[in-house]
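Student: Here you go, this is query12.tsv (TSV, N, CA and C atoms).
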```tsv
chain	number	residue	atom	x	y	z
Q	1	MET	N	12.93	10.12	5.08
Q	1	MET	CA	13.56	10.23	3.78
Q	1	MET	C	13.59	8.84	3.17
Q	2	GLY	N	12.99	8.70	2.01
Q	2	GLY	CA	12.96	7.41	1.37
Q	2	GLY	C	14.20	7.14	0.55
Q	3	LEU	N	14.32	5.88	0.16
Q	3	LEU	CA	15.47	5.48	-0.64
Q	3	LEU	C	15.47	6.19	-1.99
Q	4	ARG	N	14.29	6.39	-2.55
Q	4	ARG	CA	14.21	7.03	-3.85
Q	4	ARG	C	14.70	8.47	-3.79
Q	5	SER	N	14.31	9.23	-2.74
Q	5	SER	CA	14.76	10.62	-2.64
Q	5	SER	C	16.26	10.70	-2.37
Q	6	ALA	N	16.79	9.78	-1.54
Q	6	ALA	CA	18.23	9.77	-1.28
Q	6	ALA	C	19.00	9.43	-2.54
Q	7	THR	N	18.50	8.50	-3.32
Q	7	THR	CA	19.14	8.12	-4.57
Q	7	THR	C	19.12	9.29	-5.56
Q	8	SER	N	17.99	9.99	-5.64
Q	8	SER	CA	17.89	11.14	-6.53
Q	8	SER	C	18.87	12.23	-6.13
Q	9	PHE	N	18.98	12.48	-4.82
Q	9	PHE	CA	19.91	13.51	-4.34
Q	9	PHE	C	21.34	13.12	-4.65
Q	10	THR	N	21.70	11.85	-4.45
Q	10	THR	CA	23.05	11.37	-4.75
Q	10	THR	C	23.36	11.53	-6.23
Q	11	CYS	N	22.42	11.18	-7.08
Q	11	CYS	CA	22.62	11.34	-8.54
Q	11	CYS	C	22.80	12.81	-8.90
Q	12	LEU	N	22.03	13.70	-8.26
Q	12	LEU	CA	22.16	15.12	-8.53
Q	12	LEU	C	23.55	15.63	-8.15
Q	13	LEU	N	24.03	15.22	-6.98
Q	13	LEU	CA	25.36	15.64	-6.55
Q	13	LEU	C	26.45	15.08	-7.46
Q	14	LEU	N	26.34	13.82	-7.83
Q	14	LEU	CA	27.33	13.22	-8.71
Q	14	LEU	C	27.35	13.91	-10.07
Q	15	SER	N	26.19	14.25	-10.58
Q	15	SER	CA	26.16	14.93	-11.88
Q	15	SER	C	26.82	16.30	-11.80
Q	16	GLU	N	26.65	16.99	-10.65
Q	16	GLU	CA	27.30	18.29	-10.50
Q	16	GLU	C	28.82	18.14	-10.37
Q	17	ILE	N	29.25	17.12	-9.67
Q	17	ILE	CA	30.69	16.89	-9.50
Q	17	ILE	C	31.33	16.53	-10.83
Q	18	ILE	N	30.64	15.77	-11.64
Q	18	ILE	CA	31.17	15.36	-12.94
Q	18	ILE	C	31.27	16.54	-13.90
Q	19	THR	N	30.43	17.56	-13.70
Q	19	THR	CA	30.46	18.70	-14.64
Q	19	THR	C	31.74	19.52	-14.56
Q	20	VAL	N	32.44	19.47	-13.42
Q	20	VAL	CA	33.67	20.25	-13.30
Q	20	VAL	C	34.72	19.77	-14.30
Q	21	PRO	N	35.08	18.47	-14.33
Q	21	PRO	CA	36.06	18.06	-15.36
Q	21	PRO	C	35.52	18.22	-16.78
Q	22	LEU	N	34.21	18.05	-16.94
Q	22	LEU	CA	33.64	18.23	-18.28
Q	22	LEU	C	33.74	19.68	-18.74
Q	23	ALA	N	33.64	20.61	-17.79
Q	23	ALA	CA	33.78	22.03	-18.15
Q	23	ALA	C	35.14	22.29	-18.75
Q	24	PHE	N	36.19	21.69	-18.20
Q	24	PHE	CA	37.53	21.87	-18.74
Q	24	PHE	C	37.70	21.15	-20.07
Q	25	TRP	N	36.92	20.13	-20.31
Q	25	TRP	CA	37.03	19.37	-21.55
Q	25	TRP	C	36.33	20.08	-22.71
Q	26	PHE	N	35.16	20.70	-22.44
Q	26	PHE	CA	34.34	21.22	-23.53
Q	26	PHE	C	34.40	22.73	-23.72
Q	27	ILE	N	34.82	23.47	-22.71
Q	27	ILE	CA	34.89	24.93	-22.89
Q	27	ILE	C	36.31	25.40	-22.60
Q	28	SER	N	36.58	26.63	-22.98
Q	28	SER	CA	37.95	27.15	-22.81
Q	28	SER	C	38.31	27.22	-21.33
Q	29	THR	N	39.59	27.18	-21.07
Q	29	THR	CA	40.08	27.12	-19.69
Q	29	THR	C	39.63	28.31	-18.84
Q	30	PRO	N	39.71	29.54	-19.32
Q	30	PRO	CA	39.25	30.66	-18.46
Q	30	PRO	C	37.77	30.52	-18.07
Q	31	HIS	N	36.95	30.12	-19.04
Q	31	HIS	CA	35.53	29.94	-18.74
Q	31	HIS	C	35.31	28.77	-17.79
Q	32	ALA	N	36.08	27.73	-17.94
Q	32	ALA	CA	35.97	26.58	-17.05
Q	32	ALA	C	36.38	26.94	-15.62
Q	33	ILE	N	37.39	27.78	-15.49
Q	33	ILE	CA	37.81	28.22	-14.15
Q	33	ILE	C	36.71	29.06	-13.51
Q	34	VAL	N	36.12	29.96	-14.28
Q	34	VAL	CA	35.02	30.77	-13.75
Q	34	VAL	C	33.86	29.87	-13.33
Q	35	TYR	N	33.54	28.88	-14.16
Q	35	TYR	CA	32.47	27.94	-13.82
Q	35	TYR	C	32.79	27.22	-12.51
Q	36	THR	N	34.02	26.75	-12.38
Q	36	THR	CA	34.41	25.98	-11.21
Q	36	THR	C	34.39	26.83	-9.95
Q	37	ILE	N	34.82	28.08	-10.04
Q	37	ILE	CA	34.90	28.94	-8.86
Q	37	ILE	C	33.54	29.53	-8.49
Q	38	LEU	N	32.75	29.93	-9.47
Q	38	LEU	CA	31.50	30.63	-9.18
Q	38	LEU	C	30.26	29.73	-9.23
Q	39	PHE	N	30.09	29.04	-10.34
Q	39	PHE	CA	28.82	28.36	-10.55
Q	39	PHE	C	28.71	27.01	-9.85
Q	40	PHE	N	29.79	26.27	-9.77
Q	40	PHE	CA	29.71	24.95	-9.13
Q	40	PHE	C	29.32	25.06	-7.66
Q	41	PRO	N	29.97	25.93	-6.86
Q	41	PRO	CA	29.52	26.05	-5.45
Q	41	PRO	C	28.07	26.52	-5.34
Q	42	ALA	N	27.65	27.41	-6.25
Q	42	ALA	CA	26.27	27.88	-6.22
Q	42	ALA	C	25.30	26.75	-6.53
Q	43	LEU	N	25.64	25.92	-7.51
Q	43	LEU	CA	24.78	24.77	-7.83
Q	43	LEU	C	24.75	23.76	-6.69
Q	44	LEU	N	25.87	23.56	-6.06
Q	44	LEU	CA	25.93	22.65	-4.93
Q	44	LEU	C	25.06	23.17	-3.79
Q	45	TRP	N	25.19	24.46	-3.47
Q	45	TRP	CA	24.37	25.07	-2.42
Q	45	TRP	C	22.89	24.96	-2.77
Q	46	LEU	N	22.55	25.25	-4.02
Q	46	LEU	CA	21.16	25.19	-4.46
Q	46	LEU	C	20.60	23.77	-4.35
Q	47	SER	N	21.40	22.78	-4.69
Q	47	SER	CA	20.90	21.41	-4.60
Q	47	SER	C	20.64	21.01	-3.15
Q	48	PHE	N	21.51	21.42	-2.21
Q	48	PHE	CA	21.26	21.15	-0.80
Q	48	PHE	C	20.02	21.89	-0.31
Q	49	LEU	N	19.85	23.13	-0.76
Q	49	LEU	CA	18.69	23.92	-0.37
Q	49	LEU	C	17.39	23.26	-0.86
Q	50	LEU	N	17.37	22.87	-2.13
Q	50	LEU	CA	16.18	22.23	-2.68
Q	50	LEU	C	15.88	20.90	-2.00
Q	51	TYR	N	16.92	20.14	-1.71
Q	51	TYR	CA	16.72	18.87	-1.03
Q	51	TYR	C	16.18	19.08	0.39
Q	52	GLY	N	16.67	20.11	1.08
Q	52	GLY	CA	16.15	20.43	2.41
Q	52	GLY	C	14.69	20.81	2.35
Q	53	TRP	N	14.30	21.59	1.36
Q	53	TRP	CA	12.89	21.94	1.20
Q	53	TRP	C	12.06	20.70	0.91
Q	54	PHE	N	12.59	19.82	0.08
Q	54	PHE	CA	11.88	18.57	-0.24
Q	54	PHE	C	11.63	17.76	1.03
Q	55	ILE	N	12.65	17.64	1.88
Q	55	ILE	CA	12.50	16.87	3.12
Q	55	ILE	C	11.51	17.57	4.05
Q	56	LYS	N	11.59	18.89	4.14
Q	56	LYS	CA	10.71	19.64	5.03
Q	56	LYS	C	9.24	19.49	4.63
Q	57	LEU	N	8.97	19.37	3.35
Q	57	LEU	CA	7.60	19.26	2.88
Q	57	LEU	C	7.01	17.85	3.07
Q	58	GLN	N	7.83	16.89	3.41
Q	58	GLN	CA	7.33	15.53	3.62
Q	58	GLN	C	6.54	15.49	4.92
Q	59	PRO	N	5.42	14.76	4.94
Q	59	PRO	CA	4.65	14.68	6.19
Q	59	PRO	C	5.42	13.89	7.25
Q	60	SER	N	5.21	14.25	8.51
Q	60	SER	CA	5.85	13.54	9.60
Q	60	SER	C	5.24	12.16	9.76
Q	61	LYS	N	6.08	11.21	10.13
Q	61	LYS	CA	5.58	9.87	10.38
Q	61	LYS	C	4.87	9.86	11.73
Q	62	PRO	N	3.78	9.15	11.84
Q	62	PRO	CA	3.12	9.08	13.15
Q	62	PRO	C	3.97	8.27	14.13
Q	63	PHE	N	3.92	8.65	15.39
Q	63	PHE	CA	4.67	7.93	16.42
Q	63	PHE	C	3.86	6.71	16.86
Q	64	ILE	N	4.50	5.56	16.81
Q	64	ILE	CA	3.88	4.31	17.25
Q	64	ILE	C	4.79	3.73	18.33
Q	65	GLY	N	4.33	3.79	19.56
Q	65	GLY	CA	5.14	3.39	20.70
Q	65	GLY	C	5.64	1.96	20.63
Q	66	SER	N	4.79	1.04	20.15
Q	66	SER	CA	5.20	-0.37	20.09
Q	66	SER	C	6.34	-0.58	19.10
Q	67	GLU	N	6.35	0.17	18.00
Q	67	GLU	CA	7.45	0.08	17.04
Q	67	GLU	C	8.74	0.61	17.65
Q	68	GLN	N	8.66	1.70	18.40
Q	68	GLN	CA	9.84	2.28	19.03
Q	68	GLN	C	10.40	1.31	20.07
Q	69	GLN	N	9.53	0.66	20.84
Q	69	GLN	CA	9.98	-0.30	21.85
Q	69	GLN	C	10.63	-1.52	21.20
Q	70	ALA	N	10.04	-2.01	20.11
Q	70	ALA	CA	10.62	-3.17	19.41
Q	70	ALA	C	11.97	-2.82	18.80
Q	71	SER	N	12.09	-1.61	18.25
Q	71	SER	CA	13.35	-1.17	17.66
Q	71	SER	C	14.43	-1.05	18.73
Q	72	ALA	N	14.07	-0.51	19.89
Q	72	ALA	CA	15.03	-0.38	20.99
Q	72	ALA	C	15.45	-1.75	21.51
Q	73	LYS	N	14.54	-2.67	21.56
Q	73	LYS	CA	14.86	-4.02	22.06
Q	73	LYS	C	15.87	-4.71	21.14
Q	74	ARG	N	15.74	-4.46	19.82
Q	74	ARG	CA	16.67	-5.07	18.85
Q	74	ARG	C	18.12	-4.64	19.09
Q	75	VAL	N	18.32	-3.42	19.60
Q	75	VAL	CA	19.69	-2.93	19.82
Q	75	VAL	C	20.14	-3.07	21.27
Q	76	GLY	N	19.30	-3.68	22.11
Q	76	GLY	CA	19.72	-3.97	23.48
Q	76	GLY	C	19.22	-3.03	24.53
Q	77	GLY	N	18.21	-2.24	24.25
Q	77	GLY	CA	17.69	-1.28	25.23
Q	77	GLY	C	16.20	-1.40	25.43
Q	78	HIS	N	15.67	-0.47	26.19
Q	78	HIS	CA	14.24	-0.39	26.45
Q	78	HIS	C	13.74	0.95	25.93
Q	79	GLY	N	12.86	0.94	24.95
Q	79	GLY	CA	12.35	2.18	24.37
Q	79	GLY	C	11.28	2.79	25.25
Q	80	LYS	N	11.40	4.08	25.47
Q	80	LYS	CA	10.42	4.82	26.28
Q	80	LYS	C	10.16	6.16	25.62
Q	81	HIS	N	9.11	6.82	26.06
Q	81	HIS	CA	8.82	8.15	25.55
Q	81	HIS	C	8.02	8.94	26.59
Q	82	VAL	N	8.10	10.26	26.49
Q	82	VAL	CA	7.32	11.15	27.33
Q	82	VAL	C	6.63	12.18	26.44
Q	83	LEU	N	5.49	12.65	26.92
Q	83	LEU	CA	4.74	13.69	26.22
Q	83	LEU	C	4.99	15.00	26.95
Q	84	THR	N	5.51	16.00	26.24
Q	84	THR	CA	5.80	17.28	26.88
Q	84	THR	C	4.52	18.10	27.02
Q	85	SER	N	4.59	19.18	27.78
Q	85	SER	CA	3.40	20.00	28.02
Q	85	SER	C	2.89	20.67	26.75
Q	86	ASP	N	3.76	20.84	25.75
Q	86	ASP	CA	3.30	21.44	24.49
Q	86	ASP	C	2.92	20.40	23.44
Q	87	GLY	N	2.82	19.13	23.84
Q	87	GLY	CA	2.31	18.09	22.95
Q	87	GLY	C	3.35	17.34	22.14
Q	88	ARG	N	4.63	17.66	22.30
Q	88	ARG	CA	5.67	16.95	21.55
Q	88	ARG	C	5.98	15.62	22.22
Q	89	ILE	N	6.44	14.67	21.46
Q	89	ILE	CA	6.84	13.38	21.99
Q	89	ILE	C	8.36	13.30	21.97
Q	90	VAL	N	8.95	13.00	23.12
Q	90	VAL	CA	10.41	12.85	23.23
Q	90	VAL	C	10.68	11.37	23.47
Q	91	GLU	N	11.37	10.76	22.51
Q	91	GLU	CA	11.72	9.35	22.62
Q	91	GLU	C	13.09	9.22	23.25
Q	92	TYR	N	13.29	8.14	23.99
Q	92	TYR	CA	14.62	7.85	24.52
Q	92	TYR	C	14.76	6.35	24.75
Q	93	ILE	N	15.99	5.91	24.84
Q	93	ILE	CA	16.29	4.50	25.08
Q	93	ILE	C	17.09	4.41	26.36
Q	94	VAL	N	16.69	3.47	27.22
Q	94	VAL	CA	17.40	3.17	28.46
Q	94	VAL	C	18.12	1.84	28.25
Q	95	TYR	N	19.39	1.78	28.57
Q	95	TYR	CA	20.18	0.58	28.30
Q	95	TYR	C	21.29	0.46	29.33
Q	96	GLY	N	21.99	-0.64	29.27
Q	96	GLY	CA	23.09	-0.88	30.21
Q	96	GLY	C	22.59	-1.67	31.41
Q	97	SER	N	23.05	-1.32	32.59
Q	97	SER	CA	22.75	-2.05	33.81
Q	97	SER	C	21.29	-1.87	34.23
Q	98	ASP	N	20.68	-2.95	34.73
Q	98	ASP	CA	19.31	-2.91	35.26
Q	98	ASP	C	19.30	-2.89	36.79
Q	99	ARG	N	20.47	-2.88	37.40
Q	99	ARG	CA	20.54	-2.93	38.86
Q	99	ARG	C	20.14	-1.59	39.48
Q	100	ASP	N	19.61	-1.65	40.71
Q	100	ASP	CA	19.17	-0.43	41.40
Q	100	ASP	C	20.32	0.47	41.82
Q	101	ASP	N	21.49	-0.10	42.05
Q	101	ASP	CA	22.62	0.70	42.51
Q	101	ASP	C	23.49	1.23	41.37
Q	102	ALA	N	23.00	1.12	40.14
Q	102	ALA	CA	23.78	1.57	38.97
Q	102	ALA	C	23.85	3.09	38.90
Q	103	ASP	N	25.00	3.60	38.50
Q	103	ASP	CA	25.13	5.02	38.19
Q	103	ASP	C	24.39	5.29	36.88
Q	104	VAL	N	23.95	6.51	36.70
Q	104	VAL	CA	23.18	6.87	35.50
Q	104	VAL	C	23.94	7.93	34.71
Q	105	ILE	N	24.02	7.73	33.39
Q	105	ILE	CA	24.58	8.76	32.51
Q	105	ILE	C	23.58	9.05	31.41
Q	106	ILE	N	23.58	10.28	30.97
Q	106	ILE	CA	22.77	10.69	29.82
Q	106	ILE	C	23.75	10.85	28.66
Q	107	GLN	N	23.54	10.08	27.60
Q	107	GLN	CA	24.44	10.15	26.45
Q	107	GLN	C	23.76	10.93	25.33
Q	108	MET	N	24.29	12.11	25.07
Q	108	MET	CA	23.77	12.96	24.00
Q	108	MET	C	24.61	12.68	22.75
Q	109	HIS	N	24.00	12.06	21.78
Q	109	HIS	CA	24.73	11.73	20.56
Q	109	HIS	C	24.87	12.95	19.68
Q	110	GLY	N	25.82	12.88	18.76
Q	110	GLY	CA	26.05	13.99	17.84
Q	110	GLY	C	25.14	13.91	16.63
Q	111	ALA	N	25.33	14.83	15.72
Q	111	ALA	CA	24.55	14.84	14.50
Q	111	ALA	C	24.84	13.58	13.69
Q	112	GLY	N	23.84	13.06	13.08
Q	112	GLY	CA	24.01	11.87	12.25
Q	112	GLY	C	23.88	10.57	13.02
Q	113	CYS	N	23.69	10.64	14.32
Q	113	CYS	CA	23.52	9.44	15.14
Q	113	CYS	C	22.10	9.40	15.68
Q	114	THR	N	21.76	8.26	16.23
Q	114	THR	CA	20.49	8.10	16.91
Q	114	THR	C	20.74	7.43	18.25
Q	115	ALA	N	19.73	7.41	19.08
Q	115	ALA	CA	19.86	6.72	20.37
Q	115	ALA	C	20.10	5.24	20.14
Q	116	GLY	N	19.56	4.68	19.07
Q	116	GLY	CA	19.77	3.27	18.77
Q	116	GLY	C	21.22	2.94	18.52
Q	117	ILE	N	21.92	3.80	17.81
Q	117	ILE	CA	23.34	3.56	17.53
Q	117	ILE	C	24.15	3.66	18.81
Q	118	VAL	N	23.86	4.68	19.63
Q	118	VAL	CA	24.57	4.85	20.89
Q	118	VAL	C	24.33	3.64	21.79
Q	119	CYS	N	23.10	3.17	21.84
Q	119	CYS	CA	22.76	2.00	22.65
Q	119	CYS	C	23.48	0.76	22.13
Q	120	GLU	N	23.46	0.57	20.83
Q	120	GLU	CA	24.10	-0.61	20.24
Q	120	GLU	C	25.61	-0.62	20.54
Q	121	TRP	N	26.24	0.53	20.47
Q	121	TRP	CA	27.68	0.61	20.72
Q	121	TRP	C	28.04	0.41	22.19
Q	122	ASN	N	27.18	0.89	23.11
Q	122	ASN	CA	27.58	0.98	24.50
Q	122	ASN	C	26.84	0.08	25.47
Q	123	ALA	N	25.78	-0.59	25.07
Q	123	ALA	CA	24.93	-1.32	26.01
Q	123	ALA	C	25.69	-2.38	26.81
Q	124	SER	N	26.47	-3.22	26.14
Q	124	SER	CA	27.17	-4.30	26.87
Q	124	SER	C	28.26	-3.75	27.78
Q	125	MET	N	28.97	-2.71	27.34
Q	125	MET	CA	30.02	-2.12	28.16
Q	125	MET	C	29.42	-1.48	29.42
Q	126	LEU	N	28.31	-0.76	29.26
Q	126	LEU	CA	27.69	-0.12	30.41
Q	126	LEU	C	27.14	-1.15	31.40
Q	127	LYS	N	26.65	-2.25	30.87
Q	127	LYS	CA	26.16	-3.31	31.75
Q	127	LYS	C	27.31	-3.87	32.59
Q	128	GLN	N	28.46	-4.09	31.98
Q	128	GLN	CA	29.63	-4.59	32.70
Q	128	GLN	C	30.12	-3.60	33.76
Q	129	LEU	N	29.99	-2.31	33.48
Q	129	LEU	CA	30.46	-1.27	34.40
Q	129	LEU	C	29.40	-0.86	35.43
Q	130	ASN	N	28.22	-1.51	35.40
Q	130	ASN	CA	27.11	-1.18	36.28
Q	130	ASN	C	26.68	0.28	36.13
Q	131	ILE	N	26.48	0.67	34.86
Q	131	ILE	CA	26.03	2.03	34.54
Q	131	ILE	C	24.77	1.91	33.66
Q	132	LYS	N	23.80	2.72	33.98
Q	132	LYS	CA	22.58	2.78	33.17
Q	132	LYS	C	22.70	3.98	32.25
Q	133	GLY	N	22.54	3.77	30.95
Q	133	GLY	CA	22.62	4.85	29.98
Q	133	GLY	C	21.23	5.25	29.53
Q	134	ILE	N	21.05	6.53	29.30
Q	134	ILE	CA	19.80	7.06	28.74
Q	134	ILE	C	20.19	7.93	27.55
Q	135	ALA	N	19.63	7.62	26.40
Q	135	ALA	CA	19.96	8.39	25.19
Q	135	ALA	C	18.68	8.84	24.50
Q	136	PRO	N	18.47	10.16	24.36
Q	136	PRO	CA	17.31	10.64	23.64
Q	136	PRO	C	17.48	10.45	22.14
Q	137	THR	N	16.37	10.31	21.48
Q	137	THR	CA	16.41	10.15	20.03
Q	137	THR	C	16.16	11.48	19.36
```
Take the structure from the file and write it as structure tokens.
Tutor:
Amino acid sequence: MGLRSATSFTCLLLSEIITVPLAFWFISTPHAIVYTILFFPALLWLSFLLYGWFIKLQPSKPFIGSEQQASAKRVGGHGKHVLTSDGRIVEYIVYGSDRDDADVIIQMHGAGCTAGIVCEWNASMLKQLNIKGIAPT
């Protein structure tokens, strides 16, 4: 998702949010209430739907292992990847302790996060605790 598409989506949402008070300013109150209850949520849903389609139609970026490794190194980890039997690439970052006797945890981040963020937040703490973290991207 590029900056231009994110900016366009933000402008679209802001324009829809601004229309609610404008509806009360320019049209009668009963009509403005109907607009606010019925049409505003529908427009909001439609804008998310259209934006999702826009993102889905964008071509996938090619995977470049050296870029993934450099990005992981910047946040304190080691970038790795595996190729699954069906041809997909699964990226992950290994961080924390490098010792052989370290305990291992798999950190599954929530929505809106990446393995890089989890690594950046936890790498030094896990190193101190002698724990090796693995976070998929």
Student: Return as JSON lines the residues of range 50-95 of chain Q lying at most 12 Å from range 29-46 of chain Q, together with the closest atom-to-atom pair for each and the distance in Å to one decimal, counting only C-alpha atoms, with rows in chain order and ascending residue number.
Tutor:
```
{"residue": "Q:Leu50", "atom": "CA", "partner": "Q:Leu46", "partner_atom": "CA", "distance": 6.1}
{"residue": "Q:Tyr51", "atom": "CA", "partner": "Q:Leu46", "partner_atom": "CA", "distance": 8.5}
{"residue": "Q:Gly52", "atom": "CA", "partner": "Q:Leu46", "partner_atom": "CA", "distance": 9.7}
{"residue": "Q:Trp53", "atom": "CA", "partner": "Q:Leu46", "partner_atom": "CA", "distance": 10.5}
```
Student: Between CA of Gly79 in chain Q and atom N of Glu120 in chain Q, measure the distance and give it in Å to one decimal.
Tutor: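 Rounded to one decimal, the two atoms are 11.8 Å apart.
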Student: Using all atoms listed in the file, determine which residues lie at most 7 Å from His81 in chain Q, disregarding the query and same-chain residues fewer than 6 positions distant; provide the list as a PDB file with N, CA and C atoms, keeping the file's coordinate frame.
Tutor:
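Here's the written file around.pdb:
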```pdb
ATOM      1  N   ILE Q  89       6.440  14.670  21.460  1.00  0.00           N
ATOM      2  CA  ILE Q  89       6.840  13.380  21.990  1.00  0.00           C
ATOM      3  C   ILE Q  89       8.360  13.300  21.970  1.00  0.00           C
ATOM      4  N   VAL Q  90       8.950  13.000  23.120  1.00  0.00           N
ATOM      5  CA  VAL Q  90      10.410  12.850  23.230  1.00  0.00           C
ATOM      6  C   VAL Q  90      10.680  11.370  23.470  1.00  0.00           C
ATOM      7  N   GLU Q  91      11.370  10.760  22.510  1.00  0.00           N
ATOM      8  CA  GLU Q  91      11.720   9.350  22.620  1.00  0.00           C
ATOM      9  C   GLU Q  91      13.090   9.220  23.250  1.00  0.00           C
ATOM     10  N   TYR Q  92      13.290   8.140  23.990  1.00  0.00           N
ATOM     11  CA  TYR Q  92      14.620   7.850  24.520  1.00  0.00           C
ATOM     12  C   TYR Q  92      14.760   6.350  24.750  1.00  0.00           C
TER      13      TYR Q  92
END
```
Student: Could you find all residues in range 3-135 of chain Q that DSSP calls strand (DSSP E) from the backbone, and write them as a ChimeraX atom specification?
Tutor: /Q:77-83,89-96,103-106,131-135
Student: How many Å separate atom N of Lys73 in chain Q from atom C of Lys56 in chain Q?
Tutor: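 Spanning atom N of Lys73 in chain Q to atom C of Lys56 in chain Q is a straight-line distance of 28.4 Å.
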Student: Name the residues of range 11-109 of chain Q that come out as helix (DSSP H, G or I) in a backbone DSSP run; write them as a VMD selection string.
Tutor: chain Q and resid 11 to 26 29 to 56 65 to 74
Student: Could you list, as a PyMOL selection string, every residue within 8 Å of Asp101 in chain Q, counting all atoms listed in the file and ignoring same-chain residues fewer than 3 positions away?
Tutor: chain Q and resi 98+104+130-132
Student: Pull the neighbourhood of (13.8, 3.2, 31.3) for me: all residues within 7 Å in file coordinates, counting all atoms listed in the file, as a ChimeraX atom specification.
Tutor: /Q:78-80,93-95
Student: So, counting only N, CA and C atoms, which residue among Q:Leu49, Q:Ile55, Q:Ala135, Q:Leu14 is closest to Val118 in chain Q?
Tutor: Q:Ala135
Student: By how many Å are CA of Gly133 in chain Q and CA of Ile105 in chain Q apart?
Tutor: 5.1 Å
Student: Counting only N, CA and C atoms, figure out which residue out of Q:Thr137, Q:Ser28, Q:Cys119, Q:Ile18 gets nearest to Gly76 in chain Q.
Tutor: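 Checking each candidate against Gly76 in chain Q, we get Q:Cys119 as the closest.
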